[in-house]
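Asks: For reference, the file model_0.txt (compact mmCIF, C-alpha atoms (C1' of nucleotides)) is included below:
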```txt
# COMPACT_ATOMS: atom_id res chain seq x y z
CA MET A 1 31.85 29.34 4.67
CA THR A 2 32.56 26.61 2.18
CA THR A 3 29.86 24.13 3.11
CA ALA A 4 28.45 25.73 6.25
CA GLU A 5 25.11 27.46 6.19
CA GLU A 6 25.93 31.12 5.84
CA LYS A 7 23.25 31.74 3.26
CA THR A 8 20.88 32.86 5.97
CA ARG A 9 18.11 34.02 3.70
CA ARG A 10 18.21 30.91 1.63
CA THR A 11 18.06 28.59 4.62
CA GLU A 12 15.31 30.68 6.14
CA LEU A 13 13.38 30.21 2.95
CA ILE A 14 13.97 26.47 3.00
CA ALA A 15 12.72 26.23 6.56
CA ALA A 16 9.57 28.16 5.73
CA ALA A 17 9.00 26.06 2.65
CA ALA A 18 9.39 22.88 4.69
CA ARG A 19 6.72 24.09 7.08
CA LEU A 20 4.28 25.20 4.41
CA PHE A 21 4.79 22.20 2.16
CA SER A 22 4.19 19.80 5.02
CA GLU A 23 1.15 21.70 6.25
CA LYS A 24 -0.62 22.40 2.98
CA GLY A 25 1.14 20.27 0.44
CA TYR A 26 3.42 21.37 -2.35
CA GLU A 27 0.81 21.99 -5.02
CA ARG A 28 -1.48 23.92 -2.72
CA THR A 29 1.32 26.20 -1.56
CA THR A 30 1.78 29.18 -3.88
CA VAL A 31 4.93 31.16 -4.39
CA ARG A 32 3.05 34.06 -2.86
CA ASP A 33 2.50 32.03 0.32
CA LEU A 34 6.18 31.21 0.43
CA ALA A 35 7.18 34.83 -0.05
CA GLN A 36 4.81 36.10 2.60
CA ALA A 37 6.13 33.58 5.11
CA VAL A 38 9.52 35.28 5.08
CA GLY A 39 8.22 38.78 4.40
CA MET A 40 9.09 39.40 0.80
CA GLN A 41 7.34 39.85 -2.51
CA SER A 42 6.71 36.83 -4.69
CA GLY A 43 9.10 37.96 -7.39
CA SER A 44 12.07 38.09 -5.05
CA LEU A 45 11.92 34.36 -4.46
CA PHE A 46 13.27 33.74 -7.90
CA TYR A 47 16.45 35.52 -7.08
CA HIS A 48 17.24 32.71 -4.62
CA PHE A 49 15.69 29.79 -6.47
CA ARG A 50 15.16 29.43 -10.16
CA THR A 51 11.86 27.56 -9.85
CA LYS A 52 9.40 26.47 -7.23
CA GLU A 53 10.45 22.88 -7.74
CA GLU A 54 14.02 23.83 -6.88
CA MET A 55 12.70 24.80 -3.46
CA LEU A 56 11.03 21.45 -3.05
CA VAL A 57 14.25 19.67 -3.92
CA ALA A 58 16.16 21.86 -1.48
CA VAL A 59 13.71 21.03 1.30
CA MET A 60 13.93 17.32 0.62
CA ALA A 61 17.69 17.24 0.29
CA ALA A 62 18.06 19.11 3.57
CA GLY A 63 15.62 16.67 5.16
CA ILE A 64 17.46 13.48 4.29
CA GLY A 65 20.82 15.10 4.85
CA ASP A 66 19.85 16.11 8.36
CA ILE A 67 18.46 12.77 9.43
CA THR A 68 21.42 10.91 7.98
CA ASP A 69 23.93 13.08 9.82
CA CYS A 70 21.88 12.96 12.97
CA LEU A 71 21.69 9.18 12.91
CA ARG A 72 25.40 8.71 12.17
CA GLU A 73 26.27 10.91 15.12
CA ALA A 74 23.87 9.16 17.46
CA LEU A 75 25.26 5.78 16.54
CA GLU A 76 28.89 6.72 17.07
CA ASP A 77 29.34 5.38 20.59
CA VAL A 78 26.71 2.68 20.51
CA HIS A 79 27.84 -0.83 19.70
CA ASP A 80 25.34 -3.23 21.18
CA PRO A 81 23.02 -4.39 18.36
CA ARG A 82 19.89 -3.96 20.43
CA GLU A 83 20.83 -0.46 21.51
CA ARG A 84 21.70 0.47 17.97
CA LEU A 85 18.25 -0.66 16.96
CA THR A 86 16.72 1.49 19.67
CA THR A 87 18.69 4.49 18.49
CA LEU A 88 17.56 3.87 14.94
CA PHE A 89 13.89 3.90 15.85
CA ARG A 90 14.19 6.87 18.15
CA VAL A 91 16.15 9.11 15.84
CA HIS A 92 13.87 8.36 12.94
CA LEU A 93 10.67 9.08 14.82
CA ASN A 94 12.03 12.16 16.52
CA THR A 95 13.06 13.65 13.21
CA LEU A 96 9.77 12.75 11.62
CA LEU A 97 7.48 13.87 14.42
CA GLY A 98 9.63 16.41 16.24
CA GLU A 99 8.87 20.06 16.74
CA ASP A 100 10.91 21.45 13.86
CA LYS A 101 7.92 20.39 11.76
CA GLY A 102 8.68 18.06 8.95
CA ALA A 103 11.02 18.28 6.04
CA LEU A 104 10.83 14.49 6.11
CA SER A 105 7.09 14.32 5.69
CA VAL A 106 7.48 16.47 2.59
CA LEU A 107 9.91 13.90 1.31
CA LEU A 108 7.40 11.12 1.84
CA TYR A 109 4.34 12.87 0.52
CA GLU A 110 5.56 15.02 -2.30
CA TRP A 111 7.79 12.52 -4.04
CA PRO A 112 5.31 12.20 -6.93
CA SER A 113 5.44 15.97 -7.46
CA LEU A 114 9.07 15.74 -8.52
CA SER A 115 10.20 15.70 -12.11
CA SER A 116 12.30 12.69 -13.00
CA LYS A 117 15.44 14.80 -13.10
CA ALA A 118 14.84 16.03 -9.60
CA ARG A 119 14.15 12.48 -8.46
CA ASP A 120 17.46 11.25 -9.83
CA GLN A 121 19.14 13.93 -7.80
CA LEU A 122 17.55 12.77 -4.55
CA VAL A 123 17.60 9.01 -4.93
CA PRO A 124 21.27 8.61 -3.92
CA LEU A 125 20.67 10.53 -0.70
CA ARG A 126 17.67 8.40 0.15
CA ASP A 127 19.58 5.23 -0.63
CA GLU A 128 22.40 6.29 1.63
CA TYR A 129 19.99 6.58 4.54
CA GLU A 130 18.30 3.29 3.79
CA THR A 131 21.66 1.57 3.63
CA LEU A 132 22.30 2.69 7.17
CA TRP A 133 19.05 1.00 8.17
CA GLN A 134 19.88 -2.12 6.26
CA ASP A 135 23.26 -2.48 7.94
CA ILE A 136 21.88 -2.17 11.43
CA LEU A 137 19.07 -4.59 10.71
CA ASN A 138 21.59 -7.08 9.38
CA GLU A 139 23.62 -6.82 12.56
CA ALA A 140 20.46 -7.34 14.57
CA ALA A 141 19.56 -10.40 12.52
CA ARG A 142 23.00 -11.88 13.08
CA ALA A 143 22.43 -11.39 16.80
CA GLY A 144 19.10 -13.18 16.48
CA LEU A 145 17.08 -10.12 17.39
CA VAL A 146 15.04 -9.87 14.24
CA PRO A 147 14.03 -12.22 11.41
CA GLU A 148 16.49 -12.96 8.64
CA ASP A 149 14.39 -11.37 5.94
CA THR A 150 15.89 -7.98 6.71
CA SER A 151 15.36 -6.41 3.33
CA LEU A 152 11.61 -6.81 3.57
CA LEU A 153 11.70 -6.03 7.25
CA ARG A 154 13.33 -2.69 6.49
CA ARG A 155 10.53 -1.81 4.13
CA LEU A 156 7.83 -2.96 6.52
CA VAL A 157 9.22 -1.00 9.43
CA LEU A 158 10.06 2.16 7.49
CA GLY A 159 6.54 2.14 6.10
CA GLY A 160 5.10 1.65 9.55
CA LEU A 161 7.15 4.51 10.95
CA HIS A 162 6.30 6.86 8.10
CA TRP A 163 2.66 6.19 8.69
CA THR A 164 2.87 7.60 12.20
CA ILE A 165 2.63 11.12 10.82
CA GLN A 166 -0.94 10.26 9.94
CA TRP A 167 -2.08 9.50 13.44
CA TYR A 168 0.50 10.46 16.06
CA ASN A 169 -0.49 13.42 18.16
CA ARG A 170 2.20 15.18 20.15
CA GLN A 171 -0.38 16.47 22.58
CA GLY A 172 -1.25 12.89 23.54
CA SER A 173 0.17 10.95 26.45
CA LEU A 174 2.51 8.78 24.38
CA SER A 175 5.98 10.27 24.04
CA ILE A 176 7.96 9.83 20.85
CA ASP A 177 10.62 7.72 22.53
CA GLU A 178 8.00 5.49 24.12
CA LEU A 179 6.37 5.06 20.77
CA ALA A 180 9.72 4.15 19.23
CA ASP A 181 10.39 1.56 21.90
CA ARG A 182 7.00 -0.05 21.62
CA MET A 183 7.24 -0.16 17.85
CA MET A 184 10.59 -1.84 18.15
CA ALA A 185 9.25 -4.34 20.66
CA LEU A 186 6.77 -5.50 18.03
CA ILE A 187 9.45 -6.82 15.75
CA VAL A 188 12.22 -7.87 18.13
CA ARG A 189 12.47 -11.54 19.12
CA GLU A 190 13.17 -12.71 22.65
CA PRO A 191 16.79 -13.92 22.96
CA ALA A 192 18.40 -12.93 26.27
CA LYS A 193 19.42 -9.34 26.89
CA ALA A 194 22.99 -9.84 27.98
CA MET B 1 -31.26 -0.65 -9.10
CA THR B 2 -31.55 0.61 -5.58
CA THR B 3 -28.00 0.19 -4.45
CA ALA B 4 -26.51 -1.68 -7.38
CA GLU B 5 -24.35 0.13 -9.87
CA GLU B 6 -26.64 1.02 -12.71
CA LYS B 7 -25.30 4.54 -13.02
CA THR B 8 -22.92 3.36 -15.71
CA ARG B 9 -21.61 6.77 -16.71
CA ARG B 10 -21.05 7.84 -13.15
CA THR B 11 -19.18 4.68 -12.23
CA GLU B 12 -17.19 4.88 -15.42
CA LEU B 13 -16.18 8.38 -14.39
CA ILE B 14 -15.20 7.21 -10.93
CA ALA B 15 -13.05 4.46 -12.36
CA ALA B 16 -11.30 6.87 -14.69
CA ALA B 17 -10.81 9.35 -11.87
CA ALA B 18 -9.32 6.63 -9.68
CA ARG B 19 -6.81 5.82 -12.37
CA LEU B 20 -5.86 9.41 -13.10
CA PHE B 21 -5.72 10.51 -9.49
CA SER B 22 -3.47 7.62 -8.56
CA GLU B 23 -1.22 8.17 -11.58
CA LYS B 24 -0.84 11.93 -11.53
CA GLY B 25 -2.24 12.99 -8.19
CA TYR B 26 -5.44 14.86 -7.50
CA GLU B 27 -4.13 18.40 -7.83
CA ARG B 28 -2.28 17.69 -11.04
CA THR B 29 -5.30 16.11 -12.68
CA THR B 30 -7.50 18.70 -14.36
CA VAL B 31 -11.21 18.41 -15.01
CA ARG B 32 -10.29 18.46 -18.69
CA ASP B 33 -8.13 15.37 -18.19
CA LEU B 34 -11.01 13.65 -16.43
CA ALA B 35 -13.46 14.53 -19.18
CA GLN B 36 -11.17 13.42 -21.95
CA ALA B 37 -10.62 10.07 -20.26
CA VAL B 38 -14.27 9.17 -20.76
CA GLY B 39 -14.74 11.13 -24.00
CA MET B 40 -16.74 14.14 -22.99
CA GLN B 41 -16.30 17.87 -22.66
CA SER B 42 -15.12 19.33 -19.42
CA GLY B 43 -18.40 21.08 -18.71
CA SER B 44 -20.39 17.87 -18.82
CA LEU B 45 -18.62 16.52 -15.78
CA PHE B 46 -20.52 18.91 -13.61
CA TYR B 47 -23.77 17.33 -14.56
CA HIS B 48 -22.64 14.18 -12.73
CA PHE B 49 -20.64 15.77 -9.93
CA ARG B 50 -21.06 19.17 -8.43
CA THR B 51 -17.35 19.73 -7.85
CA LYS B 52 -14.04 18.08 -8.54
CA GLU B 53 -13.68 17.29 -4.87
CA GLU B 54 -16.93 15.35 -5.00
CA MET B 55 -15.23 13.04 -7.47
CA LEU B 56 -12.33 12.54 -5.14
CA VAL B 57 -14.68 11.65 -2.33
CA ALA B 58 -16.54 9.23 -4.59
CA VAL B 59 -13.31 7.52 -5.58
CA MET B 60 -12.23 7.15 -1.99
CA ALA B 61 -15.58 5.97 -0.72
CA ALA B 62 -15.74 3.36 -3.47
CA GLY B 63 -12.21 2.29 -2.58
CA ILE B 64 -12.82 1.62 1.10
CA GLY B 65 -16.24 0.16 0.41
CA ASP B 66 -14.81 -2.33 -2.03
CA ILE B 67 -11.98 -3.55 0.15
CA THR B 68 -14.26 -3.85 3.16
CA ASP B 69 -16.81 -5.94 1.26
CA CYS B 70 -14.08 -7.97 -0.34
CA LEU B 71 -12.46 -8.74 2.99
CA ARG B 72 -15.74 -9.65 4.70
CA GLU B 73 -16.54 -12.07 1.94
CA ALA B 74 -13.10 -13.66 1.98
CA LEU B 75 -13.27 -14.19 5.72
CA GLU B 76 -16.65 -15.82 5.70
CA ASP B 77 -15.56 -19.46 5.76
CA VAL B 78 -12.22 -19.02 7.44
CA HIS B 79 -12.09 -19.56 11.17
CA ASP B 80 -8.54 -20.48 12.07
CA PRO B 81 -6.83 -17.36 13.48
CA ARG B 82 -3.68 -17.89 11.48
CA GLU B 83 -5.56 -18.39 8.24
CA ARG B 84 -7.67 -15.32 8.93
CA LEU B 85 -4.47 -13.35 9.33
CA THR B 86 -3.22 -14.67 6.01
CA THR B 87 -6.45 -13.67 4.32
CA LEU B 88 -6.20 -10.21 5.82
CA PHE B 89 -2.73 -9.59 4.44
CA ARG B 90 -3.53 -11.06 1.06
CA VAL B 91 -6.76 -9.21 0.43
CA HIS B 92 -5.26 -5.94 1.51
CA LEU B 93 -2.22 -6.18 -0.70
CA ASN B 94 -4.14 -7.50 -3.68
CA THR B 95 -6.55 -4.60 -3.53
CA LEU B 96 -3.74 -2.11 -3.08
CA LEU B 97 -1.40 -3.46 -5.73
CA GLY B 98 -3.78 -5.32 -8.03
CA GLU B 99 -4.41 -4.59 -11.66
CA ASP B 100 -7.56 -2.48 -11.28
CA LYS B 101 -5.11 0.30 -10.46
CA GLY B 102 -5.61 1.96 -7.16
CA ALA B 103 -8.57 3.69 -5.62
CA LEU B 104 -6.90 2.78 -2.36
CA SER B 105 -3.67 4.56 -3.13
CA VAL B 106 -5.71 7.69 -3.79
CA LEU B 107 -7.18 7.27 -0.35
CA LEU B 108 -3.74 7.12 1.20
CA TYR B 109 -2.11 9.91 -0.73
CA GLU B 110 -4.79 12.48 -1.27
CA TRP B 111 -6.25 12.56 2.21
CA PRO B 112 -4.75 16.01 2.84
CA SER B 113 -6.50 17.33 -0.27
CA LEU B 114 -9.88 16.82 1.34
CA SER B 115 -11.84 19.57 3.01
CA SER B 116 -12.75 18.82 6.59
CA LYS B 117 -16.36 18.20 5.65
CA ALA B 118 -15.36 15.59 3.12
CA ARG B 119 -13.05 14.00 5.66
CA ASP B 120 -15.84 13.64 8.18
CA GLN B 121 -17.80 11.83 5.54
CA LEU B 122 -15.06 9.27 4.94
CA VAL B 123 -13.76 8.70 8.44
CA PRO B 124 -16.55 6.27 9.46
CA LEU B 125 -15.87 4.11 6.43
CA ARG B 126 -12.17 3.99 7.15
CA ASP B 127 -12.84 3.20 10.79
CA GLU B 128 -15.08 0.32 9.82
CA TYR B 129 -12.28 -1.25 7.84
CA GLU B 130 -9.73 -0.71 10.56
CA THR B 131 -12.06 -2.29 13.09
CA LEU B 132 -12.05 -5.44 11.00
CA TRP B 133 -8.28 -5.45 11.23
CA GLN B 134 -8.34 -4.81 14.93
CA ASP B 135 -10.69 -7.71 15.58
CA ILE B 136 -8.62 -10.19 13.67
CA LEU B 137 -5.42 -9.03 15.31
CA ASN B 138 -7.04 -9.42 18.70
CA GLU B 139 -8.04 -12.99 17.90
CA ALA B 140 -4.50 -13.67 16.76
CA ALA B 141 -3.09 -12.21 19.95
CA ARG B 142 -5.38 -14.42 22.03
CA ALA B 143 -4.02 -17.38 20.10
CA GLY B 144 -0.49 -16.22 20.89
CA LEU B 145 0.35 -15.53 17.27
CA VAL B 146 1.17 -11.86 17.60
CA PRO B 147 2.16 -9.49 20.43
CA GLU B 148 -0.49 -8.17 22.78
CA ASP B 149 -0.02 -4.56 21.72
CA THR B 150 -2.43 -5.02 18.84
CA SER B 151 -3.52 -1.44 18.52
CA LEU B 152 -0.02 -0.28 17.74
CA LEU B 153 0.63 -3.41 15.74
CA ARG B 154 -2.30 -2.58 13.51
CA ARG B 155 -0.84 0.82 12.77
CA LEU B 156 2.64 -0.53 12.19
CA VAL B 157 1.46 -3.19 9.79
CA LEU B 158 -1.04 -1.06 7.91
CA GLY B 159 1.66 1.55 7.43
CA GLY B 160 4.07 -1.08 6.23
CA LEU B 161 1.57 -2.45 3.76
CA HIS B 162 0.59 0.97 2.44
CA TRP B 163 4.22 1.71 1.80
CA THR B 164 4.47 -1.17 -0.65
CA ILE B 165 2.93 0.98 -3.36
CA GLN B 166 6.14 2.97 -3.27
CA TRP B 167 8.42 0.11 -4.18
CA TYR B 168 6.52 -3.00 -5.25
CA ASN B 169 6.81 -3.80 -8.92
CA ARG B 170 4.30 -6.19 -10.44
CA GLN B 171 6.73 -7.08 -13.18
CA GLY B 172 9.15 -8.44 -10.59
CA SER B 173 9.50 -12.05 -9.51
CA LEU B 174 7.71 -11.62 -6.20
CA SER B 175 3.99 -12.31 -6.40
CA ILE B 176 1.55 -10.35 -4.32
CA ASP B 177 0.50 -13.37 -2.28
CA GLU B 178 4.10 -14.29 -1.61
CA LEU B 179 4.77 -10.77 -0.48
CA ALA B 180 1.77 -10.91 1.83
CA ASP B 181 2.92 -14.17 3.37
CA ARG B 182 6.45 -12.97 3.94
CA MET B 183 5.22 -9.73 5.46
CA MET B 184 3.04 -11.71 7.80
CA ALA B 185 5.89 -14.00 8.76
CA LEU B 186 7.78 -10.96 10.01
CA ILE B 187 5.30 -10.30 12.77
CA VAL B 188 3.94 -13.74 13.63
CA ARG B 189 5.41 -15.60 16.60
CA GLU B 190 6.25 -19.28 16.61
CA PRO B 191 3.55 -21.27 18.48
CA ALA B 192 2.71 -24.56 16.79
CA LYS B 193 0.63 -24.62 13.62
CA ALA B 194 -2.10 -27.04 14.66
C1' DC C 1 32.10 59.12 -1.50
C1' DC C 2 31.83 56.39 -5.16
C1' DG C 3 30.84 52.12 -7.85
C1' DG C 4 29.08 47.93 -8.23
C1' DA C 5 27.31 43.83 -6.50
C1' DA C 6 23.62 41.70 -3.80
C1' DG C 7 19.09 41.81 -2.79
C1' DT C 8 14.27 43.42 -3.27
C1' DC C 9 10.25 45.43 -5.34
C1' DG C 10 5.79 45.11 -7.73
C1' DA C 11 3.36 45.47 -11.85
C1' DG C 12 2.22 42.41 -15.07
C1' DC C 13 2.20 38.46 -18.60
C1' DA C 14 0.79 34.23 -20.55
C1' DG C 15 -1.15 30.23 -19.41
C1' DT C 16 -4.16 27.28 -16.63
C1' DT C 17 -7.68 26.25 -13.35
C1' DG C 18 -12.50 24.88 -11.66
C1' DC C 19 -16.80 25.91 -12.89
C1' DT C 20 -21.17 28.23 -15.26
C1' DC C 21 -24.82 28.39 -18.46
C1' DG C 22 -27.88 28.84 -22.34
C1' DG C 23 -28.64 25.93 -25.77
C1' DT C 24 -28.66 21.34 -28.31
C1' DT C 25 -28.94 16.46 -28.69
C1' DT C 26 -30.29 11.92 -27.02
C1' DT C 27 -33.15 8.86 -24.40
C1' DT C 28 -37.16 7.61 -21.99
C1' DT C 29 -42.11 7.57 -21.15
C1' DC C 30 -46.99 7.51 -22.04
C1' DG D 1 -44.66 10.48 -32.08
C1' DA D 2 -44.81 14.31 -28.98
C1' DA D 3 -43.57 15.84 -24.43
C1' DA D 4 -40.46 15.48 -20.80
C1' DA D 5 -36.47 14.16 -18.71
C1' DA D 6 -31.61 13.06 -18.86
C1' DA D 7 -27.25 13.88 -20.82
C1' DC D 8 -24.05 16.60 -23.20
C1' DC D 9 -21.89 20.60 -25.64
C1' DG D 10 -18.48 24.29 -25.76
C1' DA D 11 -17.63 29.03 -25.39
C1' DG D 12 -16.22 31.65 -21.90
C1' DC D 13 -15.47 33.86 -17.19
C1' DA D 14 -13.12 35.13 -13.10
C1' DA D 15 -9.62 33.80 -10.40
C1' DC D 16 -5.26 32.14 -9.76
C1' DT D 17 -0.74 30.10 -11.15
C1' DG D 18 4.52 30.25 -11.70
C1' DC D 19 7.52 33.30 -13.38
C1' DT D 20 9.79 37.70 -15.73
C1' DC D 21 11.87 42.11 -15.72
C1' DG D 22 13.34 46.72 -15.43
C1' DA D 23 13.74 49.85 -11.77
C1' DC D 24 14.84 50.75 -7.08
C1' DT D 25 17.25 50.18 -2.51
C1' DT D 26 20.84 48.44 0.64
C1' DC D 27 25.38 47.34 1.67
C1' DC D 28 30.36 47.27 1.56
C1' DG D 29 35.25 47.50 -0.19
C1' DG D 30 38.56 50.82 -2.08
```
So that I can check it, write out the structure of this file as C-alpha cells.
Replies:
Amino acid sequence: MTTAEEKTRRTELIAAAARLFSEKGYERTTVRDLAQAVGMQSGSLFYHFRTKEEMLVAVMAAGIGDITDCLREALEDVHDPRERLTTLFRVHLNTLLGEDKGALSVLLYEWPSLSSKARDQLVPLRDEYETLWQDILNEAARAGLVPEDTSLLRRLVLGGLHWTIQWYNRQGSLSIDELADRMMALIVREPAKA
Amino acid sequence: MTTAEEKTRRTELIAAAARLFSEKGYERTTVRDLAQAVGMQSGSLFYHFRTKEEMLVAVMAAGIGDITDCLREALEDVHDPRERLTTLFRVHLNTLLGEDKGALSVLLYEWPSLSSKARDQLVPLRDEYETLWQDILNEAARAGLVPEDTSLLRRLVLGGLHWTIQWYNRQGSLSIDELADRMMALIVREPAKA
DNA sequence: CCGGAAGTCGAGCAGTTGCTCGGTTTTTTC
DNA sequence: GAAAAAACCGAGCAACTGCTCGACTTCCGG
C-alpha cells in the first residue's frame, strides 16, 4: 500500500503511455490518443496527471527504476566477474528489447522533450543505474577482462546497446541473449576462463 | 551549376534547419522559427520546399552525403588498415560533434519523424555510408586488428559513437581526435604495429 | 440510505500548427 | 526598359493541441 502499486488506473495509464510514446514518439502522441488507449475521455487524464509531461516523467522514472531493480536482483548470487558482465549485458538488452515494449526507449529518445526541471528529477535515477555499470566494468578490468579505460568503455557499450533498438528484430533468428553474448565477446579480452 | 550548390537561399535554409532541428527537435521547431532564422515570412518557405518534412529530408540527405564524401576523400591516400580505422573514427566523430552543428544528429534523432516514403528515399544513402564502414572493418579483421564478427561490431561501434552527442562537451579537455583514438583503442586487438 | 470522496464525462477555450494564395516586389533576360 | 520569371509577403484558414471546468456517476463507510 505504501510504495506498492495499488494505483491500478495510474499504472495502467503509465503502461499505455510507455507503449504509445515508444511507438509514435512523445510529441506525436496526443492526450486524446492516451485517453483512448485506456478507454476514457481526454479530460479525465488530468485527474491522474497534472500535465502531459508528468506522464512522460512517470514513464521514464518507472523505466529506469525497473531496470535498476531487475539488474540488482539478477546480480545477487553472481560473483564471477565474467558472469556478472554477462548478466549485465543480458538484463540490459532484455529490458530494452523485450516484449513489454519499451519504457527504456522512451527514456533514450525523448530526453530532449523534457523541461530542465523534469530532467533534474530523473538524472539521479539514471546515474544510479550507470554507477552499477561502472562498478561491474571496474571489477572486470581488475580481472583483466576489459581495457582499463572503463569510463569511456561504459559509454561506448551503453551507446552500442541503445542503438540496437534501431535495428534489432525480434522476429529474426538472433535471440536477445545470443545478441548480448556476442556483443560482450566484442569487448572482452582473452585471459583464461578459470 | 549542375550539381554544385548555387541555390544559395535553399542551402541557407537547410543549414538553418539543421541547426534548429538539432537544437530543439523537428516537432518542436515551427515553420515560423525556420523562417525567422533566415529572415523571411513563414509563407515564403513553401516556395522553396513543399512541406516541412521535405526540409527534414533535405537536411538528412545533406548530412549523410557530406560525411560520405568527406570520408571517401580522407581515405584516399591511406592504405594501412590501422590508419584507415583511425581515419574512420576521426572523420565520423568530427562530423558528428564538430562546430558546424549537427545535420547528423538530426539524422539519428528524427528518423522516427519521417514518413515511410521519405525513409525509403534516405535508406540507400545511409546504407552507402555503412558499407564504407563495413569494408574497412573487414580489412581490419583480415589484418587481425578487430574481431571477426564485423557486422555486429559495426553496429556496436556506430551506436557507441552516435551516443557521444549525449555526453561529449566541446568545452571539456578531451579533444575530438583524442576521443576517437581512445574509442578505437577499446576495440582494437594487440598485433604488432608494423 | 445517506453523504462525500473518488473518478469520469464532454463540451469547449485559447493558443498553435502547417500550409494556402492572391498580390507585390525583386531579379533576370532579351 | 519592358516583359517574364523568380522570390517574397502576410493575412488568414482549418485543423489540432494541451488543458479546464462544472456537472454527472460510481463506490463505500457509517
Asks: Between C:DC19, C:DA14, C:DC9, C:DC2, which is the closest to chain B once you count all atoms listed in the file?
Replies: C:DC19
Asks: Select residues of chain D: the criterion is any atom within 8 Å of an atom of chain B, counting only C-alpha atoms (C1' of nucleotides); output as a ChimeraX atom specification.
Replies: /D:7-10
Asks: Using all atoms listed in the file, which chain B residues lie at most 9 Å away from chain C, written as a list in words?
Replies: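 Listed by rising number, the hits are Thr30, Val31, Gly43, Phe46, Thr51 and Lys52 of chain B.
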Asks: Give me, as a count of residues only, the residues of chain A touching chain B, with the criterion being at most 10 Å (counting all atoms listed in the file).
Replies: 41
Asks: Which distance in Å separates atom CA of A:Phe89 and atom CA of A:Leu75, to one decimal?
Replies: 11.5 Å
Asks: Residues within 7 Å of (11.4, 19.1, -12.5), file coordinates, counting only C-alpha atoms (C1' of nucleotides): what are they? Give the list as a ChimeraX atom specification.
Replies: /A:53,114-118
Asks: Figure out the distance between atom C1' of D:DT20 and atom CA of A:Glu54, please, to one decimal in Å.
Replies: 17.0 Å
Asks: If I take atom CA of A:Ala180 and atom CA of A:Val59, how far is one from the other in Å, to one decimal?
Replies: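 Taking atom CA of A:Ala180 as the start and atom CA of A:Val59 as the end point, the length is 24.9 Å.
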Asks: Do you know which residues are at most 8 Å from A:Arg90 counting all atoms listed in the file, after dropping those on the same chain fewer than 3 positions away, and could you put them as a PyMOL selection string?
Replies: chain A and resi 86-87+93-94+176-177+180-181
